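File shown here: target.cif, holding mmCIF, C-alpha atoms and all ligand atoms.
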```
data_run
#
loop_
_atom_site.label_atom_id
_atom_site.label_comp_id
_atom_site.auth_asym_id
_atom_site.auth_seq_id
_atom_site.Cartn_x
_atom_site.Cartn_y
_atom_site.Cartn_z
CA MET A 1 107.93 55.06 85.58
CA CYS A 2 108.02 51.30 86.02
CA ARG A 3 106.16 48.25 87.24
CA GLU A 4 105.96 47.97 91.02
CA GLU A 5 107.61 44.55 91.02
CA ASP A 6 110.52 45.90 88.98
CA LEU A 7 111.39 48.52 91.61
CA ARG A 8 113.95 46.61 93.62
CA ASP A 9 115.83 47.59 96.76
CA GLY A 10 119.01 49.46 95.89
CA ALA A 11 117.70 50.66 92.53
CA VAL A 12 116.67 54.20 91.67
CA ARG A 13 114.41 54.90 88.71
CA THR A 14 114.65 58.34 87.17
CA ALA A 15 112.48 60.35 84.81
CA ARG A 16 112.14 63.89 83.60
CA LEU A 17 108.74 65.38 84.38
CA GLY A 18 109.09 68.66 82.51
CA LEU A 19 110.13 72.11 83.66
CA ASP A 20 109.26 74.02 86.81
CA ALA A 21 108.16 77.66 86.98
CA ASP A 22 111.82 78.75 86.95
CA GLY A 23 112.57 76.73 83.82
CA LEU A 24 114.56 74.09 85.70
CA PRO A 25 113.99 70.46 84.72
CA VAL A 26 111.95 68.46 87.20
CA LEU A 27 113.87 65.19 87.54
CA ALA A 28 112.14 62.47 89.51
CA LEU A 29 113.76 59.79 91.66
CA LEU A 30 111.71 56.71 92.48
CA LEU A 31 113.02 54.12 94.92
CA ARG A 32 112.25 51.93 97.89
CA ASP A 33 113.17 53.16 101.35
CA GLU A 34 114.71 51.22 104.23
CA SER A 35 111.36 49.53 104.91
CA GLY A 36 110.62 48.69 101.29
CA ASP A 37 108.05 51.47 100.97
CA ILE A 38 108.02 53.35 97.67
CA VAL A 39 109.11 56.98 97.82
CA ALA A 40 109.84 59.66 95.23
CA TYR A 41 111.82 62.89 95.38
CA ARG A 42 112.86 65.60 93.05
CA ASN A 43 116.50 65.15 92.03
CA LEU A 44 117.50 68.59 93.18
CA CYS A 45 119.59 69.62 96.13
CA ARG A 46 118.01 72.20 98.41
CA HIS A 47 121.18 74.23 98.93
CA LEU A 48 122.17 74.62 95.26
CA PRO A 49 119.86 74.10 92.27
CA VAL A 50 121.76 71.11 90.89
CA PRO A 51 120.84 67.43 90.60
CA LEU A 52 122.32 65.18 93.29
CA ASP A 53 124.20 63.05 90.79
CA GLY A 54 125.33 65.90 88.55
CA GLY A 55 124.11 63.82 85.63
CA THR A 56 126.21 60.75 86.48
CA GLY A 57 123.34 58.51 87.56
CA GLU A 58 125.19 57.68 90.81
CA LEU A 59 122.54 58.39 93.43
CA LEU A 60 123.01 55.94 96.28
CA SER A 61 125.78 55.55 98.83
CA GLU A 62 127.92 52.42 98.47
CA ASP A 63 125.89 50.60 101.11
CA GLY A 64 122.62 51.74 99.50
CA ALA A 65 121.46 53.25 102.79
CA HIS A 66 121.32 56.88 101.65
CA LEU A 67 120.86 59.07 98.65
CA ILE A 68 124.01 61.12 98.14
CA CYS A 69 125.17 64.29 96.48
CA GLY A 70 128.02 63.20 94.25
CA THR A 71 129.58 66.66 94.35
CA HIS A 72 129.62 67.23 98.10
CA GLY A 73 128.99 63.85 99.66
CA ALA A 74 125.84 65.02 101.41
CA THR A 75 123.72 62.11 102.59
CA TYR A 76 119.94 61.91 102.69
CA ARG A 77 117.71 59.39 104.44
CA LEU A 78 115.71 57.30 102.03
CA HIS A 79 112.39 57.36 103.86
CA ASP A 80 111.99 61.13 104.13
CA GLY A 81 114.76 62.71 102.05
CA TYR A 82 116.18 64.48 105.12
CA CYS A 83 119.83 65.51 104.76
CA VAL A 84 121.73 64.14 107.76
CA ASP A 85 125.19 65.32 106.70
CA GLY A 86 126.60 67.83 104.24
CA PRO A 87 126.09 71.43 103.16
CA CYS A 88 122.32 70.99 103.08
CA GLU A 89 122.14 69.29 106.50
CA GLY A 90 118.72 69.84 108.04
CA MET A 91 116.99 70.37 104.69
CA THR A 92 114.77 67.84 102.95
CA LEU A 93 114.50 66.79 99.33
CA GLN A 94 111.25 67.84 97.71
CA PRO A 95 108.88 64.88 97.86
CA LEU A 96 106.97 63.88 94.74
CA TYR A 97 103.67 62.07 94.51
CA VAL A 98 103.52 58.38 93.65
CA ARG A 99 100.40 56.74 92.23
CA GLU A 100 99.99 53.03 91.61
CA ASP A 101 97.56 51.83 88.97
CA ARG A 102 97.32 48.07 88.30
CA GLY A 103 100.95 47.62 89.22
CA ASP A 104 102.24 50.56 87.19
CA LEU A 105 103.94 53.35 89.16
CA TYR A 106 103.46 56.98 88.20
CA VAL A 107 105.20 60.00 89.72
CA SER A 108 104.13 63.62 89.54
CA ASP A 109 104.96 66.89 91.22
CA ALA A 110 101.31 67.55 92.13
CA PRO A 111 98.70 65.34 93.79
CA ASP A 112 96.65 63.28 91.38
CA SER A 113 93.19 64.81 91.08
CA ARG A 114 91.52 61.57 89.92
S1 LIG A 201 124.53 70.49 95.84
FE1 LIG A 201 123.80 70.51 97.90
S2 LIG A 201 124.94 68.96 98.87
FE2 LIG A 201 125.75 68.99 96.83
#
```
Turn the structure described in the file into structure tokens.
Ligand code: FES
Amino acid sequence: MCREEDLRDGAVRTARLGLDADGLPVLALLLRDESGDIVAYRNLCRHLPVPLDGGTGELLSEDGAHLICGTHGATYRLHDGYCVDGPCEGMTLQPLYVREDRGDLYVSDAPDSR
């Protein structure tokens, strides 16, 4: 998705990974959490099958401290994708798998078998 050094705090990289078993696009979010650790989630709310940004690309709260649902204002912690406020409160974004290879970051919806 990008080089590790290019993934800066406050930035969210996105990519489409294909379709899931229901035919919905698997949209990946790759970002750094509050501690600078790299995390990835599927861009899909757990209470309605819609992307958090509704296609706008606006994914972070103004202070950059949370991922947000642009439609409902739900807020999610960066480090675990847990929804702390909003219609999906108590639910967690689907985590994706991140692999680093010589500084390149890859994201997938299944563990890497290599
Ligand atoms: S779609 Fe679930 S909080 Fe907006």
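When only C-alpha atoms are used to measure the gap to A:Gln94, the shortest distance among A:Gly70, A:Tyr76, A:Leu44, A:Asp63 belongs to A:Leu44.
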Return as a Markdown table the residues of chain A lying at most 12 Å from ligand LIG 201 (chain A), together with the closest atom-to-atom pair for each and the distance in Å to one decimal, counting all atoms listed in the file, with rows in chain order and ascending residue number.
```
| residue | atom | partner | partner_atom | distance |
| --- | --- | --- | --- | --- |
| A:Asn43 | CA | A:LIG201 | S1 | 10.4 |
| A:Leu44 | CA | A:LIG201 | S1 | 7.8 |
| A:Cys45 | CA | A:LIG201 | FE1 | 4.7 |
| A:Arg46 | CA | A:LIG201 | FE1 | 6.1 |
| A:His47 | CA | A:LIG201 | FE1 | 4.7 |
| A:Leu48 | CA | A:LIG201 | S1 | 4.8 |
| A:Pro49 | CA | A:LIG201 | S1 | 6.9 |
| A:Val50 | CA | A:LIG201 | S1 | 5.7 |
| A:Pro51 | CA | A:LIG201 | S1 | 7.1 |
| A:Leu52 | CA | A:LIG201 | FE2 | 6.2 |
| A:Asp53 | CA | A:LIG201 | FE2 | 8.6 |
| A:Gly54 | CA | A:LIG201 | S1 | 8.7 |
| A:Leu59 | CA | A:LIG201 | FE2 | 11.6 |
| A:Leu67 | CA | A:LIG201 | S2 | 10.7 |
| A:Ile68 | CA | A:LIG201 | S2 | 7.9 |
| A:Cys69 | CA | A:LIG201 | FE2 | 4.7 |
| A:Gly70 | CA | A:LIG201 | FE2 | 6.7 |
| A:Thr71 | CA | A:LIG201 | FE2 | 5.1 |
| A:His72 | CA | A:LIG201 | FE2 | 4.4 |
| A:Gly73 | CA | A:LIG201 | S2 | 6.6 |
| A:Ala74 | CA | A:LIG201 | S2 | 4.8 |
| A:Thr75 | CA | A:LIG201 | S2 | 7.9 |
| A:Tyr76 | CA | A:LIG201 | S2 | 9.4 |
| A:Tyr82 | CA | A:LIG201 | S2 | 11.7 |
| A:Cys83 | CA | A:LIG201 | S2 | 8.5 |
| A:Val84 | CA | A:LIG201 | S2 | 10.6 |
| A:Asp85 | CA | A:LIG201 | S2 | 8.6 |
| A:Gly86 | CA | A:LIG201 | S2 | 5.7 |
| A:Pro87 | CA | A:LIG201 | S2 | 5.1 |
| A:Cys88 | CA | A:LIG201 | S2 | 5.4 |
| A:Glu89 | CA | A:LIG201 | S2 | 8.1 |
| A:Gly90 | CA | A:LIG201 | S2 | 11.1 |
| A:Met91 | CA | A:LIG201 | FE1 | 9.6 |
| A:Thr92 | CA | A:LIG201 | FE1 | 10.7 |
| A:Leu93 | CA | A:LIG201 | FE1 | 10.1 |
```
Residue selection dump (C-alpha atoms) as an mmCIF file, in the coordinates of the input:
```
data_model
loop_
_atom_site.group_PDB
_atom_site.id
_atom_site.type_symbol
_atom_site.label_atom_id
_atom_site.label_comp_id
_atom_site.auth_asym_id
_atom_site.auth_seq_id
_atom_site.Cartn_x
_atom_site.Cartn_y
_atom_site.Cartn_z
ATOM 1 C CA ASN A 43 116.500 65.150 92.030
ATOM 2 C CA LEU A 44 117.500 68.590 93.180
ATOM 3 C CA CYS A 45 119.590 69.620 96.130
ATOM 4 C CA ARG A 46 118.010 72.200 98.410
ATOM 5 C CA HIS A 47 121.180 74.230 98.930
ATOM 6 C CA LEU A 48 122.170 74.620 95.260
ATOM 7 C CA PRO A 49 119.860 74.100 92.270
ATOM 8 C CA VAL A 50 121.760 71.110 90.890
ATOM 9 C CA PRO A 51 120.840 67.430 90.600
ATOM 10 C CA LEU A 52 122.320 65.180 93.290
ATOM 11 C CA ASP A 53 124.200 63.050 90.790
ATOM 12 C CA GLY A 54 125.330 65.900 88.550
ATOM 13 C CA LEU A 59 122.540 58.390 93.430
ATOM 14 C CA LEU A 67 120.860 59.070 98.650
ATOM 15 C CA ILE A 68 124.010 61.120 98.140
ATOM 16 C CA CYS A 69 125.170 64.290 96.480
ATOM 17 C CA GLY A 70 128.020 63.200 94.250
ATOM 18 C CA THR A 71 129.580 66.660 94.350
ATOM 19 C CA HIS A 72 129.620 67.230 98.100
ATOM 20 C CA GLY A 73 128.990 63.850 99.660
ATOM 21 C CA ALA A 74 125.840 65.020 101.410
ATOM 22 C CA THR A 75 123.720 62.110 102.590
ATOM 23 C CA TYR A 76 119.940 61.910 102.690
ATOM 24 C CA TYR A 82 116.180 64.480 105.120
ATOM 25 C CA CYS A 83 119.830 65.510 104.760
ATOM 26 C CA VAL A 84 121.730 64.140 107.760
ATOM 27 C CA ASP A 85 125.190 65.320 106.700
ATOM 28 C CA GLY A 86 126.600 67.830 104.240
ATOM 29 C CA PRO A 87 126.090 71.430 103.160
ATOM 30 C CA CYS A 88 122.320 70.990 103.080
ATOM 31 C CA GLU A 89 122.140 69.290 106.500
ATOM 32 C CA GLY A 90 118.720 69.840 108.040
ATOM 33 C CA MET A 91 116.990 70.370 104.690
ATOM 34 C CA THR A 92 114.770 67.840 102.950
ATOM 35 C CA LEU A 93 114.500 66.790 99.330
#
```
Correct to one decimal, the distance atom CA of A:Gly23-atom CA of A:Leu60 is 26.4 Å
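The two atoms in question, atom CA of A:Leu29 and atom CA of A:Glu100, are spaced 15.3 Å apart.
Across A:Gly64, A:Gly57, A:Pro25, A:Gly103, the tightest approach to A:Met1 is made by A:Gly103 when counting all atoms listed in the file.
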Here atom CA of A:Gly36 and atom CA of A:Val98 stand apart by 14.2 Å
In terms of only C-alpha atoms, the residue from A:Leu105, A:Arg42, A:Gly81, A:Pro111 at minimal distance from A:Leu17 is A:Arg42
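If you measure from each of A:Asp101, A:Val12, A:Val39, A:Asp6 to A:Ser61 using only C-alpha atoms, the closest one turns out to be A:Val12.
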- Item | Exercise: A:Ala15 partners within 9 Å, all atoms listed in the file, chain neighbours under 4 positions left out, as JSON, numbers by chain | {"A": [1, 26, 27, 28, 29, 30, 107]}
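Between A:Arg16 and the residues A:Tyr41, A:Arg3, A:His66, A:Arg99, the shortest atom-to-atom distance, using all atoms listed in the file, involves A:Tyr41.
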Can you take the partial stretch 84-98 of chain A, add N, CA and C atoms, and return it as a CSV table (one decimal), keeping the file's coordinate frame?
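After the write, out.csv holds the following:
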```csv
chain,number,residue,atom,x,y,z
A,84,VAL,N,121.1,64.3,106.4
A,84,VAL,CA,121.7,64.1,107.8
A,84,VAL,C,123.2,64.6,107.8
A,85,ASP,N,123.8,64.9,106.7
A,85,ASP,CA,125.2,65.3,106.7
A,85,ASP,C,125.5,66.0,105.4
A,86,GLY,N,126.2,67.1,105.5
A,86,GLY,CA,126.6,67.8,104.2
A,86,GLY,C,126.1,69.3,104.3
A,87,PRO,N,126.4,70.0,103.2
A,87,PRO,CA,126.1,71.4,103.2
A,87,PRO,C,124.6,71.7,103.3
A,88,CYS,N,123.8,70.8,103.0
A,88,CYS,CA,122.3,71.0,103.1
A,88,CYS,C,121.7,70.3,104.3
A,89,GLU,N,122.6,70.0,105.3
A,89,GLU,CA,122.1,69.3,106.5
A,89,GLU,C,120.9,70.0,107.1
A,90,GLY,N,119.9,69.3,107.4
A,90,GLY,CA,118.7,69.8,108.0
A,90,GLY,C,117.6,70.2,107.0
A,91,MET,N,118.0,70.1,105.7
A,91,MET,CA,117.0,70.4,104.7
A,91,MET,C,116.5,69.0,104.1
A,92,THR,N,115.4,69.1,103.4
A,92,THR,CA,114.8,67.8,103.0
A,92,THR,C,114.5,67.9,101.5
A,93,LEU,N,114.8,66.9,100.8
A,93,LEU,CA,114.5,66.8,99.3
A,93,LEU,C,113.0,67.0,99.1
A,94,GLN,N,112.7,67.6,98.0
A,94,GLN,CA,111.2,67.8,97.7
A,94,GLN,C,110.6,66.5,97.4
A,95,PRO,N,109.6,66.1,98.2
A,95,PRO,CA,108.9,64.9,97.9
A,95,PRO,C,108.0,65.0,96.6
A,96,LEU,N,107.9,63.9,95.9
A,96,LEU,CA,107.0,63.9,94.7
A,96,LEU,C,105.9,62.9,95.1
A,97,TYR,N,104.8,62.9,94.3
A,97,TYR,CA,103.7,62.1,94.5
A,97,TYR,C,103.7,60.8,93.7
A,98,VAL,N,103.5,59.7,94.3
A,98,VAL,CA,103.5,58.4,93.6
A,98,VAL,C,102.1,57.8,93.6
```
